[in-house]
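target_38.tsv (TSV, C-alpha atoms and all ligand atoms)
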```tsv
chain	number	residue	atom	x	y	z
A	1	MET	CA	1.45	-14.73	-11.55
A	2	GLU	CA	4.06	-14.38	-8.83
A	3	LEU	CA	4.12	-11.48	-6.40
A	4	PHE	CA	7.39	-10.85	-4.62
A	5	SER	CA	6.07	-9.57	-1.36
A	6	TYR	CA	6.88	-8.87	2.27
A	7	PHE	CA	4.13	-9.21	4.84
A	8	ARG	CA	4.57	-5.68	6.21
A	9	SER	CA	5.17	-3.97	2.88
A	10	SER	CA	2.19	-1.71	2.36
A	11	ALA	CA	2.93	-1.40	-1.37
A	12	ALA	CA	2.78	-5.22	-1.63
A	13	TYR	CA	-0.32	-5.26	0.60
A	14	ARG	CA	-2.15	-3.06	-1.98
A	15	VAL	CA	-1.41	-5.54	-4.71
A	16	ARG	CA	-2.30	-8.56	-2.56
A	17	ILE	CA	-5.75	-7.04	-2.01
A	18	ALA	CA	-6.24	-6.44	-5.75
A	19	LEU	CA	-5.19	-10.00	-6.63
A	20	ASN	CA	-7.69	-11.33	-4.06
A	21	ILE	CA	-10.57	-9.08	-5.12
A	22	LYS	CA	-10.09	-9.92	-8.77
A	23	GLY	CA	-9.62	-13.62	-8.00
A	24	ILE	CA	-6.38	-13.85	-9.96
A	25	PRO	CA	-4.40	-17.06	-9.38
A	26	HIS	CA	-1.01	-16.15	-7.95
A	27	THR	CA	1.78	-17.22	-5.66
A	28	LEU	CA	3.50	-15.06	-3.06
A	29	THR	CA	7.27	-15.18	-2.70
A	30	ASP	CA	8.72	-13.68	0.44
A	31	VAL	CA	11.43	-11.03	0.17
A	32	ASN	CA	12.57	-10.37	3.71
A	33	LEU	CA	13.20	-6.62	4.05
A	34	LEU	CA	14.67	-6.89	7.53
A	35	GLU	CA	17.25	-9.37	6.29
A	36	GLY	CA	18.02	-7.21	3.24
A	37	ASP	CA	16.85	-9.71	0.61
A	38	HIS	CA	15.61	-6.80	-1.51
A	39	ARG	CA	19.08	-5.33	-1.92
A	40	ARG	CA	20.78	-8.55	-3.05
A	41	ALA	CA	20.82	-10.86	-6.05
A	42	PRO	CA	18.71	-12.47	-7.32
A	43	TYR	CA	16.00	-9.94	-6.41
A	44	LEU	CA	17.91	-6.88	-7.66
A	45	ALA	CA	18.12	-8.36	-11.13
A	46	PHE	CA	14.44	-7.78	-11.74
A	47	ASN	CA	13.87	-4.88	-9.35
A	48	PRO	CA	16.87	-2.55	-9.81
A	49	GLN	CA	15.50	-0.12	-7.19
A	50	GLY	CA	15.65	-2.85	-4.58
A	51	LEU	CA	12.10	-2.22	-3.40
A	52	VAL	CA	9.20	-4.58	-2.79
A	53	PRO	CA	6.91	-5.59	-4.46
A	54	THR	CA	7.62	-6.98	-7.91
A	55	LEU	CA	4.94	-8.64	-9.99
A	56	LYS	CA	6.16	-11.38	-12.30
A	57	LEU	CA	3.72	-12.25	-15.06
A	58	ASP	CA	3.24	-15.81	-16.29
A	59	ASP	CA	5.39	-15.06	-19.37
A	60	GLY	CA	8.28	-13.86	-17.16
A	61	ARG	CA	7.90	-10.11	-17.69
A	62	VAL	CA	8.00	-8.00	-14.52
A	63	ILE	CA	6.38	-4.84	-13.18
A	64	ASN	CA	8.23	-2.96	-10.42
A	65	GLN	CA	5.90	-0.26	-9.11
A	66	SER	CA	2.69	-1.07	-7.23
A	67	PRO	CA	0.59	1.66	-8.96
A	68	ALA	CA	1.68	0.24	-12.35
A	69	MET	CA	0.80	-3.28	-11.14
A	70	LEU	CA	-2.69	-2.18	-10.09
A	71	GLU	CA	-3.29	-0.36	-13.39
A	72	TYR	CA	-2.10	-3.45	-15.27
A	73	LEU	CA	-4.38	-5.78	-13.29
A	74	GLU	CA	-7.31	-3.41	-13.83
A	75	ALA	CA	-6.67	-3.31	-17.58
A	76	VAL	CA	-6.21	-7.06	-17.99
A	77	TYR	CA	-8.86	-8.17	-15.46
A	78	PRO	CA	-11.54	-5.46	-15.78
A	79	GLU	CA	-14.45	-7.67	-14.64
A	80	ARG	CA	-14.29	-6.73	-10.96
A	81	THR	CA	-13.42	-3.10	-11.59
A	82	LEU	CA	-11.65	-1.01	-8.99
A	83	LEU	CA	-12.17	2.36	-10.67
A	84	PRO	CA	-15.35	4.40	-11.20
A	85	GLU	CA	-16.48	4.51	-14.81
A	86	ASP	CA	-16.67	8.29	-15.01
A	87	PRO	CA	-13.22	9.71	-15.88
A	88	TYR	CA	-13.48	12.54	-13.39
A	89	ASP	CA	-14.54	10.16	-10.61
A	90	ALA	CA	-11.64	7.89	-11.52
A	91	ALA	CA	-9.31	10.90	-11.29
A	92	VAL	CA	-10.66	11.66	-7.80
A	93	VAL	CA	-9.88	8.10	-6.73
A	94	ARG	CA	-6.40	8.36	-8.23
A	95	ASN	CA	-5.90	11.69	-6.40
A	96	TRP	CA	-6.40	9.90	-3.10
A	97	CYS	CA	-4.11	7.06	-4.15
A	98	SER	CA	-1.37	9.53	-5.00
A	99	LEU	CA	-1.88	11.42	-1.75
A	100	ILE	CA	-1.08	8.18	0.06
A	101	ALA	CA	1.45	6.61	-2.30
A	102	CYS	CA	3.43	9.76	-3.17
A	103	ASP	CA	2.99	12.05	-0.19
A	104	ILE	CA	2.67	9.84	2.91
A	105	HIS	CA	4.17	6.43	2.24
A	106	PRO	CA	7.62	7.28	0.75
A	107	VAL	CA	8.80	9.48	3.63
A	108	ASN	CA	8.05	6.70	6.12
A	109	ASN	CA	9.72	3.92	4.19
A	110	LEU	CA	12.18	1.60	5.92
A	111	ARG	CA	15.21	3.10	4.16
A	112	ILE	CA	14.17	6.63	5.23
A	113	LEU	CA	13.66	5.55	8.85
A	114	LYS	CA	17.04	3.80	8.80
A	115	PHE	CA	18.68	6.93	7.40
A	116	LEU	CA	17.09	9.01	10.15
A	117	THR	CA	18.18	6.75	13.01
A	118	GLY	CA	21.50	5.71	11.44
A	119	THR	CA	23.11	8.49	9.38
A	120	LEU	CA	21.31	11.37	11.13
A	121	SER	CA	21.37	9.81	14.63
A	122	VAL	CA	17.72	10.66	15.22
A	123	SER	CA	16.34	9.09	18.41
A	124	GLU	CA	13.61	6.43	18.42
A	125	ASP	CA	11.13	8.99	19.83
A	126	GLU	CA	11.97	11.54	17.15
A	127	LYS	CA	11.60	8.84	14.50
A	128	LEU	CA	8.11	8.02	15.78
A	129	ASN	CA	7.30	11.70	15.83
A	130	TRP	CA	8.40	11.96	12.18
A	131	TYR	CA	6.40	8.90	11.21
A	132	ARG	CA	3.15	10.06	12.77
A	133	HIS	CA	3.61	13.65	11.58
A	134	TRP	CA	3.45	12.71	7.90
A	135	ILE	CA	0.54	10.33	8.37
A	136	LYS	CA	-1.41	12.95	10.33
A	137	LEU	CA	-0.80	15.61	7.68
A	138	GLY	CA	-1.96	13.27	4.92
A	139	PHE	CA	-4.98	11.95	6.80
A	140	GLU	CA	-6.08	15.49	7.71
A	141	ALA	CA	-6.27	16.30	4.01
A	142	LEU	CA	-7.89	12.98	3.10
A	143	GLU	CA	-10.53	12.63	5.84
A	144	PRO	CA	-12.91	15.43	4.70
A	145	GLN	CA	-12.78	14.26	1.09
A	146	LEU	CA	-13.82	10.65	1.65
A	147	SER	CA	-17.41	9.49	1.36
A	148	ALA	CA	-17.01	6.53	3.76
A	149	ASN	CA	-20.31	5.22	2.47
A	150	PRO	CA	-19.08	2.68	3.29
A	151	TYR	CA	-15.86	2.76	1.20
A	152	CYS	CA	-13.62	5.68	0.26
A	153	PHE	CA	-15.55	6.63	-2.84
A	154	GLY	CA	-18.99	5.22	-2.04
A	155	SER	CA	-20.64	1.86	-2.37
A	156	ASN	CA	-17.91	0.21	-4.47
A	157	ILE	CA	-14.40	-0.71	-3.44
A	158	THR	CA	-11.88	1.28	-5.47
A	159	PHE	CA	-8.12	1.61	-5.69
A	160	ALA	CA	-8.40	4.22	-2.93
A	161	ASP	CA	-9.40	1.55	-0.40
A	162	LEU	CA	-6.47	-0.59	-1.51
A	163	TYR	CA	-4.08	2.27	-0.73
A	164	LEU	CA	-5.81	3.43	2.42
A	165	ILE	CA	-6.12	0.19	4.38
A	166	PRO	CA	-2.36	-0.64	4.35
A	167	GLN	CA	-1.59	2.96	5.32
A	168	VAL	CA	-3.99	2.76	8.27
A	169	TYR	CA	-2.48	-0.59	9.27
A	170	ASN	CA	0.91	1.15	9.46
A	171	ALA	CA	-0.55	4.11	11.32
A	172	LEU	CA	-2.01	1.82	13.98
A	173	ARG	CA	1.21	-0.16	14.22
A	174	PHE	CA	2.97	3.09	15.09
A	175	HIS	CA	0.19	4.05	17.55
A	176	GLN	CA	-1.17	6.95	15.53
A	177	ASP	CA	-4.06	8.65	17.32
A	178	MET	CA	-7.03	8.11	14.97
A	179	THR	CA	-9.57	10.20	16.94
A	180	ASP	CA	-9.68	12.92	14.30
A	181	PHE	CA	-10.20	10.44	11.47
A	182	PRO	CA	-13.55	8.71	12.07
A	183	LYS	CA	-14.29	8.15	8.37
A	184	ILE	CA	-10.88	6.63	7.73
A	185	GLN	CA	-11.30	4.42	10.79
A	186	GLN	CA	-14.76	3.32	9.64
A	187	ILE	CA	-13.54	2.45	6.13
A	188	TYR	CA	-10.71	0.46	7.70
A	189	GLU	CA	-13.11	-1.53	9.85
A	190	THR	CA	-15.53	-2.13	6.97
A	191	CYS	CA	-12.85	-3.35	4.55
A	192	ASN	CA	-11.32	-5.57	7.19
A	193	GLN	CA	-14.49	-7.62	7.35
A	194	LEU	CA	-13.96	-8.73	3.75
A	195	ASP	CA	-12.03	-11.89	2.84
A	196	ALA	CA	-9.93	-10.18	0.18
A	197	PHE	CA	-8.62	-7.69	2.72
A	198	ILE	CA	-8.30	-10.18	5.58
A	199	LYS	CA	-6.25	-12.61	3.46
A	200	ALA	CA	-3.98	-9.77	2.27
A	201	SER	CA	-3.30	-8.39	5.73
A	202	PRO	CA	0.18	-8.65	7.26
A	203	ASP	CA	-1.51	-10.58	10.07
A	204	HIS	CA	-2.19	-13.42	7.62
A	205	ASN	CA	0.99	-13.34	5.55
B	1	LIG	N1	6.82	3.26	-5.22
B	1	LIG	C1	7.05	1.88	-4.83
B	1	LIG	C2	7.41	1.85	-3.37
B	1	LIG	C3	7.87	0.50	-2.96
B	1	LIG	C4	8.37	0.55	-1.53
B	1	LIG	O1	8.65	1.61	-0.98
B	1	LIG	N2	8.53	-0.62	-0.93
B	1	LIG	C5	8.99	-0.69	0.42
B	1	LIG	C6	8.10	-1.60	1.24
B	1	LIG	S1	6.46	-0.94	1.31
B	1	LIG	C7	10.41	-1.25	0.44
B	1	LIG	O2	10.73	-2.10	-0.35
B	1	LIG	N3	11.23	-0.75	1.36
B	1	LIG	C8	12.55	-1.22	1.53
B	1	LIG	C9	13.46	-0.20	2.09
B	1	LIG	O3	13.03	0.92	2.34
B	1	LIG	O4	14.63	-0.53	2.28
B	1	LIG	C10	5.78	1.05	-5.09
B	1	LIG	O5	4.69	1.59	-4.91
B	1	LIG	O6	5.89	-0.12	-5.49
```
Is it possible to express this structure as structure tokens?
Amino acid sequence: MELFSYFRSSAAYRVRIALNIKGIPHTLTDVNLLEGDHRRAPYLAFNPQGLVPTLKLDDGRVINQSPAMLEYLEAVYPERTLLPEDPYDAAVVRNWCSLIACDIHPVNNLRILKFLTGTLSVSEDEKLNWYRHWIKLGFEALEPQLSANPYCFGSNITFADLYLIPQVYNALRFHQDMTDFPKIQQIYETCNQLDAFIKASPDHN
């Protein structure tokens, strides 16, 4: 498998963690977002949205959205499962994934930040304020729901941890105050002791 990835892309980071946890042989191909590789051929041909990541299967077929990639990997490589068996529990985990992937991450994406500072002439300080605002709002809703024992859902790593850790990485990069989020902080520290997470981190890509 080939993952078209960018070291700081949190959507790609989620998938890198899953590939590592499940031990799936893969290569990483860099798509440099700052240089605009994602909005040019040849990348656009198999990701018409011009967003990273893209997962290319061994037979050449592609998947464009990170949640779809994770669901695919879970279905095809179920041995090291990343979802609770109980359907309701699995829905809880997916709730948390959506909270991050649909309600925090998209509004802080590179193209949104560029639109703010470029088209809308928002200052760097106001941009940072925007960035932290949406993370804080999301984390305030998430924090009381998490078990943090020691992972988001309990004793097993689930999709929720794969979504949370990249989001926390971004939060820290933008100097988000984490004082009010001790469980999130603890899950972050616990996951970051594991090889699968360490190898997937932007610091090692
Ligand atoms: N819903 C997509 C989001 C992908 C996404 O937003 N990718 C970001 C990097 S994390 C990107 O390519 N940004 C480029 C840009 O905003 O110009 C997914 O989960 O795969």
task = Between CA of Val31 in chain A and CA of Leu70 in chain A, measure the distance and give it in Å to one decimal.
result =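 Distance between the two atoms: 19.6 Å.
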message = Please list as a list of chain:residue names every residue within 9 Å of Val92 in chain A, counting only C-alpha atoms and excluding residues in the same chain fewer than 5 positions away.
response =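 My list of contacting residues is A:Pro87, A:Cys97, A:Phe153.
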request  = Find the residues near ligand LIG 1 (chain B). Use a cut-off of 9 Å, count all atoms listed in the file, and write them as a PyMOL selection string.
outcome  = chain A and resi 5-6+8-14+31+33-34+36+38-39+49-54+64-69+101-102+105-106+108-114
Give me the box for range 170-178 of chain A as JSON, namely the centre and edge lengths in Å to one decimal of a box along x, y and z that holds every listed atom plus 8 Å on each side.
```
{"center_x": -2.0, "center_y": 4.2, "center_z": 13.5, "size_x": 26.0, "size_y": 24.8, "size_z": 24.1}
```
query = Which residue, A:Pro182, A:Pro166, A:Pro150, A:Gly23, has the smallest gap to Thr81 in chain A when you use all atoms listed in the file?
reply =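 For Thr81 in chain A, the nearest of the candidates is A:Gly23.
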inquiry  = When you count only C-alpha atoms, which of these residues is closest to Tyr131 in chain A: A:Ile100, A:Ile198, A:Ala45, A:Ala171?
reply    =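 Among the listed residues, the smallest separation from Tyr131 in chain A belongs to A:Ala171.
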Nearest residue to Val62 in chain A from the set A:Glu2, A:Asp89, A:Tyr77, A:Arg94 (distances using all atoms listed in the file) =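 Among A:Glu2, A:Asp89, A:Tyr77, A:Arg94, it is A:Glu2 that comes nearest to Val62 in chain A.
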request  = With only C-alpha atoms counted, which protein, DNA or RNA residues have an atom no more than 12 Å from (-11.5, -1.0, -2.9) in the file frame? Please answer as JSON, numbers by chain.
outcome  = {"A": [14, 15, 16, 17, 18, 19, 20, 21, 22, 70, 74, 80, 81, 82, 83, 84, 93, 94, 97, 148, 150, 151, 152, 153, 154, 155, 156, 157, 158, 159, 160, 161, 162, 163, 164, 165, 166, 187, 188, 190, 191, 192, 194, 196, 197]}
ask   = Quick one: distance from CA of Asn149 in chain A to CA of Asp180 in chain A in Å, one decimal?
value =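 Separation between CA of Asn149 in chain A and CA of Asp180 in chain A: 17.7 Å.
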